[in-house]
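Note sheet for the following structure.
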Amino acid sequence: MEKSPEIIGVGFGKGRIESLTDGIFAFGMTLLVLGAGYPFTINTLAKMSAHDILINSIPDVILYAISFLILATFWVSHHTQFHHIKYIDRKLLWLNIILLKINNS
């Protein structure tokens, strides 16, 4: 009798939780991109030179890059940890969901 692909050993397969995690991190990174609105109004842009606009945008670009790198670092760390995990149980499943909530808050 062949075992279900979902149940391995004494726990569950890790494929679904990895997919969920990938989706949550992708959603968080997408929100970063969508939330990166331009901080100037049309009237302000008309009065500024291109050089001034670029200089004034540097802090926002730096914050965006740092936020993206932090999320990417968490995702890579999660990927590395789950590479070594053979199966998951309910405790690890809930712990993962809680940590995803904390990381994407």
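Letters A, B, ... go to the chains of the structure tokens in the order shown; residues in each chain start at 1; ligands are counted from 1 in the same order.
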
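For chain A, backbone-based DSSP assignment of strand (DSSP E or B) covers Ile7, Ile8, Gly11, Phe12 and Ile88 of chain A.
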
Subject >> Spatial neighbours of Ala26 in chain A, 10 Å, only C-alpha atoms, chain gap at least 4 places, as a PyMOL selection string >> reply: chain A and resi 20-22+30-32+71-72+75

Please save N, CA and C atoms of the selected residues as a PDB file, in the first residue's frame.
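The resulting file, again-v6.pdb, is shown below:
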ATOM      1  N   LEU A  20       2.706  28.232   0.443  1.00  0.00           N
ATOM      2  CA  LEU A  20       2.034  29.299   1.173  1.00  0.00           C
ATOM      3  C   LEU A  20       3.018  30.406   1.538  1.00  0.00           C
ATOM      4  N   THR A  21       4.185  30.016   2.029  1.00  0.00           N
ATOM      5  CA  THR A  21       5.202  30.986   2.420  1.00  0.00           C
ATOM      6  C   THR A  21       5.667  31.802   1.221  1.00  0.00           C
ATOM      7  N   ASP A  22       5.915  31.141   0.100  1.00  0.00           N
ATOM      8  CA  ASP A  22       6.319  31.859  -1.111  1.00  0.00           C
ATOM      9  C   ASP A  22       5.255  32.873  -1.513  1.00  0.00           C
ATOM     10  N   THR A  30       5.030  42.588  -3.350  1.00  0.00           N
ATOM     11  CA  THR A  30       4.157  43.306  -4.289  1.00  0.00           C
ATOM     12  C   THR A  30       3.558  44.541  -3.628  1.00  0.00           C
ATOM     13  N   LEU A  31       3.152  44.417  -2.371  1.00  0.00           N
ATOM     14  CA  LEU A  31       2.622  45.588  -1.658  1.00  0.00           C
ATOM     15  C   LEU A  31       3.673  46.676  -1.522  1.00  0.00           C
ATOM     16  N   LEU A  32       4.925  46.294  -1.353  1.00  0.00           N
ATOM     17  CA  LEU A  32       5.995  47.300  -1.316  1.00  0.00           C
ATOM     18  C   LEU A  32       6.050  48.073  -2.625  1.00  0.00           C
ATOM     19  N   LEU A  71      12.799  41.735   3.530  1.00  0.00           N
ATOM     20  CA  LEU A  71      11.852  40.672   3.177  1.00  0.00           C
ATOM     21  C   LEU A  71      12.547  39.547   2.414  1.00  0.00           C
ATOM     22  N   ALA A  72      13.418  39.908   1.484  1.00  0.00           N
ATOM     23  CA  ALA A  72      14.134  38.894   0.713  1.00  0.00           C
ATOM     24  C   ALA A  72      15.025  38.046   1.618  1.00  0.00           C
ATOM     25  N   TRP A  75      12.893  35.565   3.407  1.00  0.00           N
ATOM     26  CA  TRP A  75      12.454  34.512   2.504  1.00  0.00           C
ATOM     27  C   TRP A  75      13.581  33.509   2.248  1.00  0.00           C
TER      28      TRP A  75
END

**OP:** as a ChimeraX atom specification, please: all residues of range 6-101 of chain A that backbone DSSP puts in helix (DSSP H, G or I).
**Re:** /A:15-34,42-47,50-83,90-101

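Restricting the calculation to only C-alpha atoms, the smallest distance between Leu95 in chain A and any of A:Tyr64, A:His83, A:Ile58, A:Ile17 is found for A:Ile17.
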
Subject >> Glu18 in chain A environment, 10 Å, only C-alpha atoms, sequence neighbours closer than 2 positions dropped, as a VMD selection string >> reply: chain A and resid 13 to 16 20 to 24 78 to 79 82 to 83 96

Now that the selection is made, can you save its residues with N, CA and C atoms as a PDB file, in the first residue's frame?
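The file below, out-v3.pdb, is the result:
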ATOM      1  N   GLY A  13       3.852  16.447   4.439  1.00  0.00           N
ATOM      2  CA  GLY A  13       4.801  16.932   3.456  1.00  0.00           C
ATOM      3  C   GLY A  13       4.950  18.436   3.582  1.00  0.00           C
ATOM      4  N   LYS A  14       6.079  18.955   3.186  1.00  0.00           N
ATOM      5  CA  LYS A  14       6.351  20.379   3.386  1.00  0.00           C
ATOM      6  C   LYS A  14       6.026  21.239   2.176  1.00  0.00           C
ATOM      7  N   GLY A  15       5.598  20.638   1.089  1.00  0.00           N
ATOM      8  CA  GLY A  15       5.349  21.383  -0.141  1.00  0.00           C
ATOM      9  C   GLY A  15       4.300  22.476  -0.014  1.00  0.00           C
ATOM     10  N   ARG A  16       3.208  22.179   0.672  1.00  0.00           N
ATOM     11  CA  ARG A  16       2.124  23.168   0.778  1.00  0.00           C
ATOM     12  C   ARG A  16       2.538  24.370   1.622  1.00  0.00           C
ATOM     13  N   LEU A  20       2.706  28.232   0.443  1.00  0.00           N
ATOM     14  CA  LEU A  20       2.034  29.299   1.173  1.00  0.00           C
ATOM     15  C   LEU A  20       3.018  30.406   1.538  1.00  0.00           C
ATOM     16  N   THR A  21       4.185  30.016   2.029  1.00  0.00           N
ATOM     17  CA  THR A  21       5.202  30.986   2.420  1.00  0.00           C
ATOM     18  C   THR A  21       5.667  31.802   1.221  1.00  0.00           C
ATOM     19  N   ASP A  22       5.915  31.141   0.100  1.00  0.00           N
ATOM     20  CA  ASP A  22       6.319  31.859  -1.111  1.00  0.00           C
ATOM     21  C   ASP A  22       5.255  32.873  -1.513  1.00  0.00           C
ATOM     22  N   GLY A  23       4.000  32.468  -1.436  1.00  0.00           N
ATOM     23  CA  GLY A  23       2.909  33.369  -1.801  1.00  0.00           C
ATOM     24  C   GLY A  23       2.804  34.569  -0.880  1.00  0.00           C
ATOM     25  N   ILE A  24       2.981  34.342   0.405  1.00  0.00           N
ATOM     26  CA  ILE A  24       2.886  35.449   1.370  1.00  0.00           C
ATOM     27  C   ILE A  24       4.034  36.433   1.177  1.00  0.00           C
ATOM     28  N   HIS A  78      14.084  31.379   5.313  1.00  0.00           N
ATOM     29  CA  HIS A  78      13.021  30.376   5.415  1.00  0.00           C
ATOM     30  C   HIS A  78      13.276  29.244   4.429  1.00  0.00           C
ATOM     31  N   HIS A  79      13.643  29.585   3.217  1.00  0.00           N
ATOM     32  CA  HIS A  79      13.929  28.581   2.190  1.00  0.00           C
ATOM     33  C   HIS A  79      15.073  27.668   2.636  1.00  0.00           C
ATOM     34  N   PHE A  82      13.882  25.307   5.504  1.00  0.00           N
ATOM     35  CA  PHE A  82      12.986  24.247   5.055  1.00  0.00           C
ATOM     36  C   PHE A  82      13.679  23.265   4.115  1.00  0.00           C
ATOM     37  N   HIS A  83      14.831  23.618   3.590  1.00  0.00           N
ATOM     38  CA  HIS A  83      15.598  22.675   2.782  1.00  0.00           C
ATOM     39  C   HIS A  83      16.050  21.499   3.651  1.00  0.00           C
ATOM     40  N   ASN A  96       5.227  28.358  11.923  1.00  0.00           N
ATOM     41  CA  ASN A  96       5.540  28.994  10.644  1.00  0.00           C
ATOM     42  C   ASN A  96       4.532  30.087  10.312  1.00  0.00           C
TER      43      ASN A  96
END

Original post:
Which distance in Å separates CA of Leu54 in chain A and CA of Gly35 in chain A, to one decimal?
Top reply: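 Computed distance, CA of Leu54 in chain A to CA of Gly35 in chain A, equals 18.4 Å.
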
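Between CA of Trp94 in chain A and CA of Phe12 in chain A the separation is 12.8 Å.
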
**OP:** Tell me, in Å to one decimal, how far CA of Met29 in chain A is from CA of Ala65 in chain A.
**Re:** 10.8 Å
